[in-house]
>>> print(open('my_file.txt').read())   # compact mmCIF, C-alpha atoms and all ligand atoms
# COMPACT_ATOMS: atom_id res chain seq x y z
CA MET A 7 0.00 0.00 0.00
CA PRO A 8 1.52 3.37 -0.94
CA SER A 9 1.95 5.71 2.02
CA PRO A 10 -0.36 8.76 2.10
CA ARG A 11 0.99 11.92 0.46
CA HIS A 12 2.27 14.43 2.95
CA SER A 13 2.45 17.33 0.52
CA GLN A 14 1.45 18.27 -2.96
CA ARG A 15 4.98 19.27 -3.84
CA PRO A 16 6.56 17.09 -6.53
CA ARG A 17 8.44 14.15 -5.09
CA PHE A 18 11.77 13.08 -6.51
CA ALA A 19 14.01 10.04 -6.25
CA ILE A 20 17.74 9.94 -6.92
CA LEU A 21 19.17 6.77 -8.48
CA GLY A 22 22.92 6.22 -8.41
CA SER A 23 25.53 3.51 -8.43
CA GLY A 24 28.67 5.09 -7.06
CA ARG A 25 30.26 7.85 -5.02
CA GLY A 26 27.22 10.12 -5.06
CA SER A 27 28.77 13.57 -5.34
CA ASN A 28 25.96 14.82 -7.58
CA ALA A 29 23.48 13.30 -5.16
CA VAL A 30 25.10 15.35 -2.40
CA ALA A 31 24.74 18.55 -4.45
CA LEU A 32 21.09 17.70 -5.02
CA MET A 33 20.45 16.73 -1.40
CA GLN A 34 21.91 20.05 -0.26
CA ALA A 35 19.51 21.89 -2.56
CA PHE A 36 16.52 19.85 -1.39
CA ARG A 37 17.52 20.32 2.23
CA ASP A 38 18.13 24.08 2.09
CA GLY A 39 14.68 24.65 0.62
CA SER A 40 15.89 26.10 -2.67
CA LEU A 41 13.81 23.56 -4.59
CA ALA A 42 10.02 23.61 -4.27
CA ALA A 43 9.96 19.84 -4.10
CA GLU A 44 10.63 16.88 -1.85
CA LEU A 45 13.35 14.27 -2.09
CA ALA A 46 11.57 11.05 -1.19
CA VAL A 47 14.27 8.42 -1.52
CA VAL A 48 17.77 7.63 -2.76
CA ILE A 49 18.12 4.26 -4.46
CA SER A 50 21.26 2.42 -5.50
CA ASN A 51 21.66 -0.78 -7.46
CA VAL A 52 25.14 -1.45 -6.02
CA SER A 53 25.74 -2.89 -2.58
CA GLY A 54 28.10 -0.69 -0.56
CA ALA A 55 27.85 2.25 -2.97
CA PRO A 56 28.89 5.43 -1.13
CA ILE A 57 25.78 7.21 -2.41
CA LEU A 58 23.71 5.21 0.09
CA GLN A 59 25.88 6.33 2.98
CA ARG A 60 25.71 9.94 1.77
CA ALA A 61 21.90 9.72 1.72
CA GLY A 62 21.92 8.43 5.28
CA GLU A 63 24.17 11.30 6.36
CA TYR A 64 21.66 13.75 4.90
CA GLY A 65 18.76 11.98 6.58
CA TYR A 66 17.08 10.73 3.41
CA PRO A 67 15.80 7.16 3.04
CA ALA A 68 18.48 5.06 1.34
CA VAL A 69 17.35 1.89 -0.39
CA LEU A 70 19.53 -0.79 -1.95
CA ILE A 71 17.91 -2.68 -4.82
CA GLU A 72 20.77 -4.77 -6.08
CA SER A 73 20.92 -5.43 -9.79
CA ALA A 74 23.69 -8.04 -9.76
CA ASN A 75 22.44 -11.42 -10.98
CA LEU A 76 18.94 -10.09 -11.50
CA PRO A 77 17.21 -9.96 -14.90
CA ARG A 78 16.67 -6.34 -15.96
CA ALA A 79 12.87 -6.65 -15.97
CA GLU A 80 12.81 -8.02 -12.43
CA HIS A 81 15.21 -5.36 -11.17
CA GLU A 82 13.20 -2.58 -12.78
CA SER A 83 9.99 -3.94 -11.37
CA ARG A 84 11.53 -3.75 -7.87
CA ILE A 85 12.72 -0.20 -8.56
CA ARG A 86 9.28 0.78 -9.77
CA ALA A 87 7.64 -0.73 -6.69
CA ALA A 88 9.98 1.25 -4.39
CA LEU A 89 9.28 4.45 -6.30
CA VAL A 90 5.52 3.93 -6.21
CA GLN A 91 5.67 3.06 -2.53
CA GLN A 92 7.37 6.40 -1.88
CA ASN A 93 4.92 8.31 -4.11
CA VAL A 94 7.76 9.43 -6.37
CA ASP A 95 6.82 11.64 -9.31
CA HIS A 96 10.19 12.27 -10.97
CA ILE A 97 13.54 10.50 -11.16
CA LEU A 98 17.04 12.01 -11.10
CA LEU A 99 19.79 9.72 -12.37
CA ALA A 100 23.11 10.64 -10.79
CA GLY A 101 25.83 8.23 -11.82
CA TYR A 102 23.32 5.41 -12.29
CA MET A 103 25.40 2.91 -14.25
CA ARG A 104 22.60 0.75 -15.59
CA LEU A 105 20.55 1.57 -18.64
CA LEU A 106 16.85 1.89 -17.99
CA SER A 107 14.84 -0.12 -20.48
CA ALA A 108 12.71 1.57 -23.12
CA ASP A 109 9.71 -0.06 -21.48
CA PHE A 110 10.50 1.40 -18.05
CA ILE A 111 11.05 4.87 -19.55
CA ALA A 112 7.90 4.74 -21.66
CA ARG A 113 5.74 3.64 -18.72
CA TRP A 114 7.14 6.04 -16.11
CA PRO A 115 4.57 8.84 -15.93
CA GLY A 116 6.94 11.56 -14.70
CA VAL A 117 10.18 13.09 -15.85
CA ILE A 118 13.49 11.24 -15.78
CA LEU A 119 16.63 13.39 -15.85
CA ASN A 120 20.27 12.36 -16.15
CA ILE A 121 23.57 14.23 -15.88
CA HIS A 122 26.36 13.53 -18.32
CA PRO A 123 29.91 14.96 -18.33
CA SER A 124 29.97 16.47 -21.82
CA LEU A 125 28.26 19.13 -23.86
CA LEU A 126 25.67 16.88 -25.46
CA PRO A 127 25.05 15.85 -28.15
CA ASP A 128 28.84 15.65 -28.37
CA PHE A 129 30.61 12.81 -26.55
CA PRO A 130 27.70 10.65 -25.36
CA GLY A 131 28.32 7.34 -23.63
CA LEU A 132 31.08 6.05 -21.40
CA ALA A 133 34.47 7.73 -20.87
CA ALA A 134 33.17 11.07 -22.11
CA VAL A 135 35.84 13.14 -20.36
CA ALA A 136 38.65 10.99 -21.75
CA ALA A 137 37.17 11.41 -25.22
CA GLN A 138 36.98 15.19 -24.82
CA TRP A 139 40.56 15.33 -23.57
CA ARG A 140 41.81 13.18 -26.45
CA ALA A 141 39.89 15.29 -28.95
CA GLY A 142 41.58 18.41 -27.62
CA VAL A 143 38.39 20.39 -27.13
CA ARG A 144 38.89 23.94 -25.86
CA VAL A 145 35.53 24.07 -24.13
CA ALA A 146 34.19 21.13 -22.15
CA GLY A 147 31.26 20.73 -19.83
CA ALA A 148 28.28 18.76 -18.66
CA SER A 149 24.62 18.44 -19.55
CA VAL A 150 21.43 17.61 -17.70
CA HIS A 151 19.07 15.95 -20.14
CA PHE A 152 15.72 14.23 -20.28
CA VAL A 153 16.17 10.48 -20.51
CA ASP A 154 14.92 8.69 -23.58
CA ALA A 155 15.64 5.15 -24.76
CA GLY A 156 19.00 6.08 -26.28
CA ILE A 157 22.33 6.59 -24.58
CA ASP A 158 22.52 10.28 -23.57
CA THR A 159 20.29 11.22 -26.51
CA GLY A 160 17.33 12.93 -24.81
CA PRO A 161 16.69 16.68 -25.03
CA VAL A 162 19.07 18.83 -23.00
CA LEU A 163 17.51 20.81 -20.16
CA LEU A 164 20.62 22.67 -19.02
CA SER A 165 24.28 22.55 -19.94
CA GLY A 166 27.33 24.23 -18.45
CA SER A 167 30.80 24.82 -19.83
CA ILE A 168 34.36 25.55 -18.77
CA ASP A 169 37.45 26.43 -20.73
CA VAL A 170 39.92 23.55 -20.83
CA CYS A 171 43.37 24.30 -19.40
CA GLY A 172 46.06 22.76 -21.57
CA ASP A 173 48.11 21.43 -18.67
CA GLU A 174 45.45 20.03 -16.38
CA GLY A 175 45.35 16.51 -17.81
CA GLU A 176 42.34 14.29 -18.18
CA ALA A 177 41.98 13.75 -14.43
CA GLY A 178 42.13 17.47 -13.73
CA LEU A 179 39.53 18.17 -16.39
CA ALA A 180 37.27 15.43 -15.05
CA GLN A 181 37.51 16.87 -11.55
CA ARG A 182 36.68 20.39 -12.73
CA ILE A 183 33.75 19.26 -14.88
CA LEU A 184 32.41 17.46 -11.82
CA THR A 185 32.92 20.14 -9.19
CA GLU A 186 32.67 23.33 -11.23
CA VAL A 187 29.90 22.34 -13.61
CA GLU A 188 27.93 19.25 -12.62
CA HIS A 189 27.41 20.11 -8.97
CA THR A 190 26.14 23.54 -10.00
CA ILE A 191 23.95 22.71 -12.96
CA TYR A 192 22.09 19.69 -11.60
CA PRO A 193 20.30 21.57 -8.80
CA ARG A 194 19.76 24.48 -11.22
CA ALA A 195 18.29 22.14 -13.79
CA VAL A 196 15.83 20.73 -11.25
CA ARG A 197 14.82 24.29 -10.33
CA LEU A 198 14.35 25.10 -14.02
CA LEU A 199 12.24 21.97 -14.46
CA LEU A 200 10.06 22.92 -11.49
CA GLU A 201 9.61 26.45 -12.85
CA ARG A 202 8.57 25.12 -16.23
CA MET A 203 6.19 22.65 -14.60
CA ALA A 204 4.67 25.44 -12.49
CA ARG A 205 4.15 27.55 -15.62
CA GLY A 206 2.39 24.62 -17.24
CA GLY A 207 4.13 25.04 -20.59
CA PRO A 208 6.29 22.53 -22.44
CA LEU A 209 9.25 21.19 -20.46
CA HIS A 210 11.39 21.33 -23.58
CA THR A 211 10.97 22.15 -27.22
CA GLN A 212 13.83 20.12 -28.54
CA ALA A 213 13.54 16.83 -30.34
CA SER A 214 15.77 13.99 -29.23
CA THR A 215 19.39 14.85 -29.98
CA ARG A 216 20.03 11.42 -31.48
CA SER A 217 19.79 12.65 -35.04
CA SER A 218 20.50 16.33 -34.43
CA ALA A 219 24.12 17.28 -34.02
CA SER A 220 23.41 21.00 -34.03
CA ALA A 221 21.32 21.76 -30.96
CA THR A 222 22.93 21.58 -27.55
CA THR A 223 20.33 23.45 -25.53
CA ASP A 224 16.68 24.15 -26.15
CA ALA A 225 16.63 27.81 -25.12
CA PRO A 226 19.23 30.49 -24.44
CA ALA A 227 18.34 30.55 -20.74
CA THR A 228 19.45 26.97 -20.34
CA ALA A 229 23.16 27.46 -20.92
CA TYR A 230 25.34 28.17 -17.92
CA ARG A 231 28.91 29.35 -17.75
CA LYS A 232 30.97 28.88 -14.64
CA ASP A 233 31.70 32.60 -14.32
CA GLU A 234 27.98 33.38 -13.95
CA THR A 235 26.74 34.11 -10.46
C1 LIG B 301 29.19 11.99 -13.05
O1 LIG B 301 30.32 12.38 -13.76
C2 LIG B 301 27.99 12.00 -13.94
O2 LIG B 301 28.04 13.00 -14.91
C3 LIG B 301 28.05 10.66 -14.58
O3 LIG B 301 28.50 9.80 -13.57
C4 LIG B 301 29.26 10.54 -12.63
C5 LIG B 301 28.66 10.31 -11.28
O4 LIG B 301 29.45 10.86 -10.26
N1 LIG B 301 26.78 10.27 -15.13
P1 LIG B 301 28.84 10.98 -8.79
O5 LIG B 301 28.45 9.58 -8.36
O6 LIG B 301 27.69 11.90 -8.85
O7 LIG B 301 29.98 11.51 -7.96
>>> encode(input="my_file.txt", output="structure tokens", more="lines below")
Ligand code: GRF
Amino acid sequence: MPSPRHSQRPRFAILGSGRGSNAVALMQAFRDGSLAAELAVVISNVSGAPILQRAGEYGYPAVLIESANLPRAEHESRIRAALVQQNVDHILLAGYMRLLSADFIARWPGVILNIHPSLLPDFPGLAAVAAQWRAGVRVAGASVHFVDAGIDTGPVLLSGSIDVCGDEGEAGLAQRILTEVEHTIYPRAVRLLLERMARGGPLHTQASTRSSASATTDAPATAYRKDET
């Protein structure tokens, strides 16, 4: 039986598989009241993942739904049950290292967002920072995007960029994308989503980026540079 709703504010879940630094940035924003929404639960598919401990430290329910040795459909059905039980409306993927099936995505009635360490649609998929470093890009960044059935192909909600320093190395670039861009834009993206939901208009106007290499953001207001306040 789902528990009764305690508020009409949208309820979110964070799903992650690892260290949980984006989850921490999000939890801080939920906790300090800068988001007109509730964080209902943090779920990980990996036993011992630090994200679960971080959730506990912030006082949010932390649930392990292990995916190892479980068929995808069964694992997703357990995830769905936990989300429904917590009256979750929207899902934030934060380092969730398991693809959600097209069926799960199509049937989830709310929004699903993900954060990816590149300026999408460039450099989707794994090892995106390494690929950017190898390609010698001068500007790198991260994107928060709506999740569709492709790999990092859904419409971008908010992206952020930094200038690459020639001597920082791949690890240095990865660290700066994480701390200077991702941790800033993910809470901002959730705020932007909530504002758009409150206005009742479209959440995005952009088609999936899968076949469009030209559009990185759907509106000028959705690009963020690190030197903005
Ligand atoms: C981040 O780089 C995110 O962009 C990617 O996975 C990483 C997760 O890091 N999807 P963390 O667990 O949030 O620290």
>>> residues_near_ligand(input="my_file.txt", ligand="ligand LIG 301 (chain B)", cutoff="8 Å", atoms="all atoms listed in the file", output="PyMOL selection string")
chain A and resi 22-30+57+99-103+120-124+148-149+180+183-184+188
>>> residues_around(input="my_file.txt", residues="region 95-97 of chain A", least_positions_apart="6", cutoff="10 Å", atoms="all atoms listed in the file", output="number ranges by chain")
A: 15-21, 44-48, 89, 114-120, 153
>>> atom_distance(input="my_file.txt", atom1="CA of Leu200 (chain A)", atom2="CA of Arg113 (chain A)")
21.0 Å
>>> atom_distance(input="my_file.txt", atom1="CA of Trp139 (chain A)", atom2="CA of Gly178 (chain A)")
10.2 Å
>>> closest_residue(input="my_file.txt", among="A:Val69, A:Glu201, A:Thr159, A:Ser53", to="Asp128 (chain A)", atoms="only C-alpha atoms")
A:Thr159
